[in-house]
Amino acid sequence: MKLLSTNCRVAWPHSGARPLKRWLVLWIAVALQALLAERLRGENHLDYRYHDYQEGNDRIHVRTHSSFLELLINPSVTLNAEFVYDGISGATPTGGPPPAGSNQVPLAQMEDTRTAGNISTAIRWGGNQTTTPQFAYSLEGDYESVGLSLNHTIDFNDKNTTLALGLAYTHDTIMPVFWSGDREYKNGGDALVGLTQLLGPKTIFTANLTAGTA
């Protein structure tokens with residue numbers, strides 16, 4: 001097995017509105033999945049990662065390009081965006097038994113690409129509350145997923161206690177490629193209530209309750 005991964009970061013000072021916004025619009029149109037709001041890091045930055053995974057005899061080979069952008073719009077609003085493009089190729093078992101005299105199950109060559117991304121905006125207000133709407137999108141050769149979510153956190157007790165509330169909705173489309181048939185659709189909804197409590201310098205207690213339907 002061979003694994004290769006590289007990272008690169010580009011950072012720049014906060015400069016308010018710039019032509020960068022037009023570039024972001026293009027990025028959003030091409031990519032746009034759900035990313036929880038992060039605490040303000042104090043700098044705008046763009047991260048890039050390349051990941052290469054390969055099994056022996058070219059059984060499975062996956063290459064992934066991903067990037068993450070965090071942009072401080074103003075002291076109360078932070079934009080997060082993530083884009084992923086990856087491809088997979090190799091051989092996968094067909095489900096049939098090995099032929100007589102062999103222990104090798106039948107394999108079928110396969111390849112696919114995935115384009116995915118998400119964008120979220122963390123809006124801080126009231127001194128202790130953060131609201132984060134999110135949009136996510138993913139497209140493969142036989143599957144498309146669109147997701148919307150809304151997360152809200154409230155800090156108490158000098159930010160030692162945090163209450164989290166969340167709602168999410170997904171609409172997926174299954175597009176058969178290995179057999180004939182019409183497209184199928186799946187809709188899902190999820191809700192979350194969570195509590196995080198700082199117990200000490202190195203101890204955090206978290207409890208989450210989730211409910212979902214599909």
# chains A, B, ... in the order shown; residues from 1 in each chain; ligands from 1
>>> residues_around(residues="segment 204-207 of chain A", least_positions_apart="4", cutoff="12 Å", atoms="only C-alpha atoms", output="compact mmCIF listing (two decimals) with C-alpha atoms, in the first residue's frame")
# COMPACT_ATOMS: atom_id res chain seq x y z
CA ASN A 160 -17.77 27.19 29.73
CA THR A 161 -21.18 25.80 28.75
CA THR A 162 -22.52 25.63 25.18
CA LEU A 163 -25.98 24.61 24.00
CA ALA A 164 -26.17 23.49 20.36
CA LEU A 192 -29.88 17.79 17.04
CA VAL A 193 -29.77 19.07 20.60
CA GLY A 194 -26.36 19.06 22.27
CA LEU A 195 -24.62 20.28 25.40
CA THR A 196 -20.89 20.84 25.90
CA GLN A 197 -19.50 21.55 29.37
CA LEU A 198 -15.91 22.47 30.23
CA LEU A 199 -15.08 20.48 33.38
CA GLY A 200 -11.42 21.40 33.69
>>> residues_around(residues="segment 187-189 of chain A", least_positions_apart="2", cutoff="12 Å", atoms="only C-alpha atoms", output="PDB file with N, CA and C atoms, in the first residue's frame")
ATOM      1  N   GLU A 144     -26.293  11.865  -6.607  1.00  0.00           N
ATOM      2  CA  GLU A 144     -26.237  13.310  -6.391  1.00  0.00           C
ATOM      3  C   GLU A 144     -26.908  13.634  -5.062  1.00  0.00           C
ATOM      4  N   SER A 145     -26.282  14.503  -4.273  1.00  0.00           N
ATOM      5  CA  SER A 145     -26.823  14.845  -2.971  1.00  0.00           C
ATOM      6  C   SER A 145     -26.788  16.352  -2.764  1.00  0.00           C
ATOM      7  N   VAL A 146     -27.894  16.893  -2.280  1.00  0.00           N
ATOM      8  CA  VAL A 146     -27.997  18.315  -1.946  1.00  0.00           C
ATOM      9  C   VAL A 146     -28.446  18.408  -0.495  1.00  0.00           C
ATOM     10  N   GLY A 147     -27.762  19.218   0.306  1.00  0.00           N
ATOM     11  CA  GLY A 147     -28.095  19.317   1.721  1.00  0.00           C
ATOM     12  C   GLY A 147     -28.161  20.754   2.202  1.00  0.00           C
ATOM     13  N   LEU A 148     -29.095  21.014   3.086  1.00  0.00           N
ATOM     14  CA  LEU A 148     -29.235  22.306   3.746  1.00  0.00           C
ATOM     15  C   LEU A 148     -29.254  22.066   5.245  1.00  0.00           C
ATOM     16  N   SER A 149     -28.640  22.963   6.000  1.00  0.00           N
ATOM     17  CA  SER A 149     -28.665  22.814   7.448  1.00  0.00           C
ATOM     18  C   SER A 149     -28.598  24.181   8.111  1.00  0.00           C
ATOM     19  N   LEU A 150     -29.049  24.220   9.357  1.00  0.00           N
ATOM     20  CA  LEU A 150     -29.003  25.441  10.164  1.00  0.00           C
ATOM     21  C   LEU A 150     -28.602  25.041  11.571  1.00  0.00           C
ATOM     22  N   GLY A 166     -29.601  22.110  16.065  1.00  0.00           N
ATOM     23  CA  GLY A 166     -29.349  21.967  14.632  1.00  0.00           C
ATOM     24  C   GLY A 166     -30.488  21.296  13.903  1.00  0.00           C
ATOM     25  N   LEU A 167     -30.692  21.733  12.650  1.00  0.00           N
ATOM     26  CA  LEU A 167     -31.660  21.111  11.748  1.00  0.00           C
ATOM     27  C   LEU A 167     -30.979  20.890  10.406  1.00  0.00           C
ATOM     28  N   ALA A 168     -31.294  19.779   9.732  1.00  0.00           N
ATOM     29  CA  ALA A 168     -30.678  19.478   8.437  1.00  0.00           C
ATOM     30  C   ALA A 168     -31.682  18.784   7.544  1.00  0.00           C
ATOM     31  N   TYR A 169     -31.558  19.030   6.240  1.00  0.00           N
ATOM     32  CA  TYR A 169     -32.412  18.390   5.246  1.00  0.00           C
ATOM     33  C   TYR A 169     -31.546  18.001   4.058  1.00  0.00           C
ATOM     34  N   THR A 170     -31.738  16.780   3.539  1.00  0.00           N
ATOM     35  CA  THR A 170     -30.986  16.322   2.371  1.00  0.00           C
ATOM     36  C   THR A 170     -31.940  15.763   1.321  1.00  0.00           C
ATOM     37  N   HIS A 171     -31.592  15.996   0.074  1.00  0.00           N
ATOM     38  CA  HIS A 171     -32.334  15.448  -1.058  1.00  0.00           C
ATOM     39  C   HIS A 171     -31.326  14.743  -1.952  1.00  0.00           C
ATOM     40  N   ASP A 172     -31.449  13.410  -2.057  1.00  0.00           N
ATOM     41  CA  ASP A 172     -30.504  12.601  -2.818  1.00  0.00           C
ATOM     42  C   ASP A 172     -31.185  12.003  -4.042  1.00  0.00           C
ATOM     43  N   THR A 173     -30.403  11.883  -5.119  1.00  0.00           N
ATOM     44  CA  THR A 173     -30.880  11.270  -6.353  1.00  0.00           C
ATOM     45  C   THR A 173     -29.982  10.097  -6.698  1.00  0.00           C
ATOM     46  N   ILE A 174     -30.574   8.909  -6.853  1.00  0.00           N
ATOM     47  CA  ILE A 174     -29.830   7.707  -7.231  1.00  0.00           C
ATOM     48  C   ILE A 174     -30.037   7.483  -8.724  1.00  0.00           C
ATOM     49  N   GLU A 184     -34.189   7.147  -8.669  1.00  0.00           N
ATOM     50  CA  GLU A 184     -34.891   7.073  -7.398  1.00  0.00           C
ATOM     51  C   GLU A 184     -34.448   8.258  -6.537  1.00  0.00           C
ATOM     52  N   TYR A 185     -35.308   8.639  -5.599  1.00  0.00           N
ATOM     53  CA  TYR A 185     -35.027   9.820  -4.776  1.00  0.00           C
ATOM     54  C   TYR A 185     -35.168   9.477  -3.301  1.00  0.00           C
ATOM     55  N   ALA A 191     -32.514  16.375  13.295  1.00  0.00           N
ATOM     56  CA  ALA A 191     -32.510  17.423  14.310  1.00  0.00           C
ATOM     57  C   ALA A 191     -31.526  17.046  15.405  1.00  0.00           C
ATOM     58  N   LEU A 192     -30.900  18.035  16.014  1.00  0.00           N
ATOM     59  CA  LEU A 192     -29.884  17.787  17.037  1.00  0.00           C
ATOM     60  C   LEU A 192     -30.041  18.775  18.180  1.00  0.00           C
ATOM     61  N   THR A 210     -29.915  13.158  18.883  1.00  0.00           N
ATOM     62  CA  THR A 210     -30.276  13.377  17.494  1.00  0.00           C
ATOM     63  C   THR A 210     -31.495  12.534  17.127  1.00  0.00           C
ATOM     64  N   ALA A 211     -32.261  13.025  16.184  1.00  0.00           N
ATOM     65  CA  ALA A 211     -33.401  12.300  15.647  1.00  0.00           C
ATOM     66  C   ALA A 211     -33.451  12.553  14.147  1.00  0.00           C
ATOM     67  N   GLY A 212     -33.736  11.504  13.376  1.00  0.00           N
ATOM     68  CA  GLY A 212     -33.725  11.661  11.934  1.00  0.00           C
ATOM     69  C   GLY A 212     -34.747  10.772  11.271  1.00  0.00           C
ATOM     70  N   THR A 213     -35.084  11.139  10.048  1.00  0.00           N
ATOM     71  CA  THR A 213     -36.003  10.349   9.248  1.00  0.00           C
ATOM     72  C   THR A 213     -35.554  10.376   7.797  1.00  0.00           C
ATOM     73  N   ALA A 214     -35.805   9.303   7.038  1.00  0.00           N
ATOM     74  CA  ALA A 214     -35.408   9.239   5.633  1.00  0.00           C
ATOM     75  C   ALA A 214     -36.461   8.445   4.873  1.00  0.00           C
TER      76      ALA A 214
END
>>> closest_residue(among="A:Ser66, A:Ser89, A:Asn80, A:Gln109", to="Tyr53 of chain A", atoms="only C-alpha atoms")
A:Ser89
>>> closest_residue(among="A:Gly96, A:His152, A:Gly141, A:Asn208", to="Met175 of chain A", atoms="only C-alpha atoms")
A:Gly141
>>> closest_residue(among="A:Gly90, A:Gln54, A:Ile119, A:Glu111", to="Leu71 of chain A", atoms="only C-alpha atoms")
A:Ile119
>>> residues_around(residues="Thr113 of chain A", least_positions_apart="4", cutoff="7 Å", atoms="only C-alpha atoms", output="PDB file with all heavy atoms, in the first residue's frame")
ATOM      1  N   ASP A  86     -12.237  14.141  -6.250  1.00  0.00           N
ATOM      2  CA  ASP A  86     -11.437  12.923  -6.173  1.00  0.00           C
ATOM      3  C   ASP A  86     -11.902  11.909  -7.206  1.00  0.00           C
ATOM      4  O   ASP A  86     -13.014  11.980  -7.738  1.00  0.00           O
ATOM      5  CB  ASP A  86     -11.454  12.306  -4.766  1.00  0.00           C
ATOM      6  CG  ASP A  86     -12.860  12.049  -4.233  1.00  0.00           C
ATOM      7  OD1 ASP A  86     -13.811  12.049  -5.036  1.00  0.00           O
ATOM      8  OD2 ASP A  86     -13.000  11.846  -3.023  1.00  0.00           O
ATOM      9  N   GLY A  87     -11.009  11.001  -7.508  1.00  0.00           N
ATOM     10  CA  GLY A  87     -11.284   9.945  -8.471  1.00  0.00           C
ATOM     11  C   GLY A  87     -10.834   8.611  -7.918  1.00  0.00           C
ATOM     12  O   GLY A  87      -9.844   8.520  -7.186  1.00  0.00           O
ATOM     13  N   ILE A  88     -11.566   7.568  -8.260  1.00  0.00           N
ATOM     14  CA  ILE A  88     -11.243   6.219  -7.816  1.00  0.00           C
ATOM     15  C   ILE A  88     -11.236   5.295  -9.020  1.00  0.00           C
ATOM     16  O   ILE A  88     -12.058   5.433  -9.932  1.00  0.00           O
ATOM     17  CB  ILE A  88     -12.259   5.720  -6.759  1.00  0.00           C
ATOM     18  CG1 ILE A  88     -11.879   4.311  -6.274  1.00  0.00           C
ATOM     19  CG2 ILE A  88     -13.683   5.745  -7.295  1.00  0.00           C
ATOM     20  CD1 ILE A  88     -12.719   3.830  -5.104  1.00  0.00           C
ATOM     21  N   GLU A 140     -21.586  12.265  -7.944  1.00  0.00           N
ATOM     22  CA  GLU A 140     -20.816  11.133  -8.444  1.00  0.00           C
ATOM     23  C   GLU A 140     -21.480  10.633  -9.717  1.00  0.00           C
ATOM     24  O   GLU A 140     -22.490  11.184 -10.165  1.00  0.00           O
ATOM     25  CB  GLU A 140     -20.762  10.020  -7.394  1.00  0.00           C
ATOM     26  CG  GLU A 140     -20.182  10.456  -6.068  1.00  0.00           C
ATOM     27  CD  GLU A 140     -20.282   9.385  -5.007  1.00  0.00           C
ATOM     28  OE1 GLU A 140     -20.220   8.184  -5.365  1.00  0.00           O
ATOM     29  OE2 GLU A 140     -20.445   9.721  -3.825  1.00  0.00           O
ATOM     30  N   GLY A 141     -20.912   9.577 -10.298  1.00  0.00           N
ATOM     31  CA  GLY A 141     -21.466   9.074 -11.537  1.00  0.00           C
ATOM     32  C   GLY A 141     -22.885   8.562 -11.408  1.00  0.00           C
ATOM     33  O   GLY A 141     -23.663   8.607 -12.361  1.00  0.00           O
TER      34      GLY A 141
END
>>> select_by_dssp(residues="segment 10-199 of chain A", states="alpha helix (DSSP H)", output="PyMOL selection string")
chain A and resi 20-30
>>> write_last_selection(atoms="C-alpha atoms", output="PDB file, in the first residue's frame")
ATOM      1  CA  LEU A  20     -11.975  37.942  -4.170  1.00  0.00           C
ATOM      2  CA  LYS A  21     -15.750  37.906  -3.709  1.00  0.00           C
ATOM      3  CA  ARG A  22     -16.224  37.360  -7.455  1.00  0.00           C
ATOM      4  CA  TRP A  23     -13.843  34.401  -7.271  1.00  0.00           C
ATOM      5  CA  LEU A  24     -15.845  33.027  -4.343  1.00  0.00           C
ATOM      6  CA  VAL A  25     -19.049  33.210  -6.367  1.00  0.00           C
ATOM      7  CA  LEU A  26     -17.406  31.114  -9.089  1.00  0.00           C
ATOM      8  CA  TRP A  27     -16.139  28.624  -6.506  1.00  0.00           C
ATOM      9  CA  ILE A  28     -19.585  28.318  -4.938  1.00  0.00           C
ATOM     10  CA  ALA A  29     -21.185  27.736  -8.358  1.00  0.00           C
ATOM     11  CA  VAL A  30     -18.729  24.926  -9.099  1.00  0.00           C
TER      12      VAL A  30
END
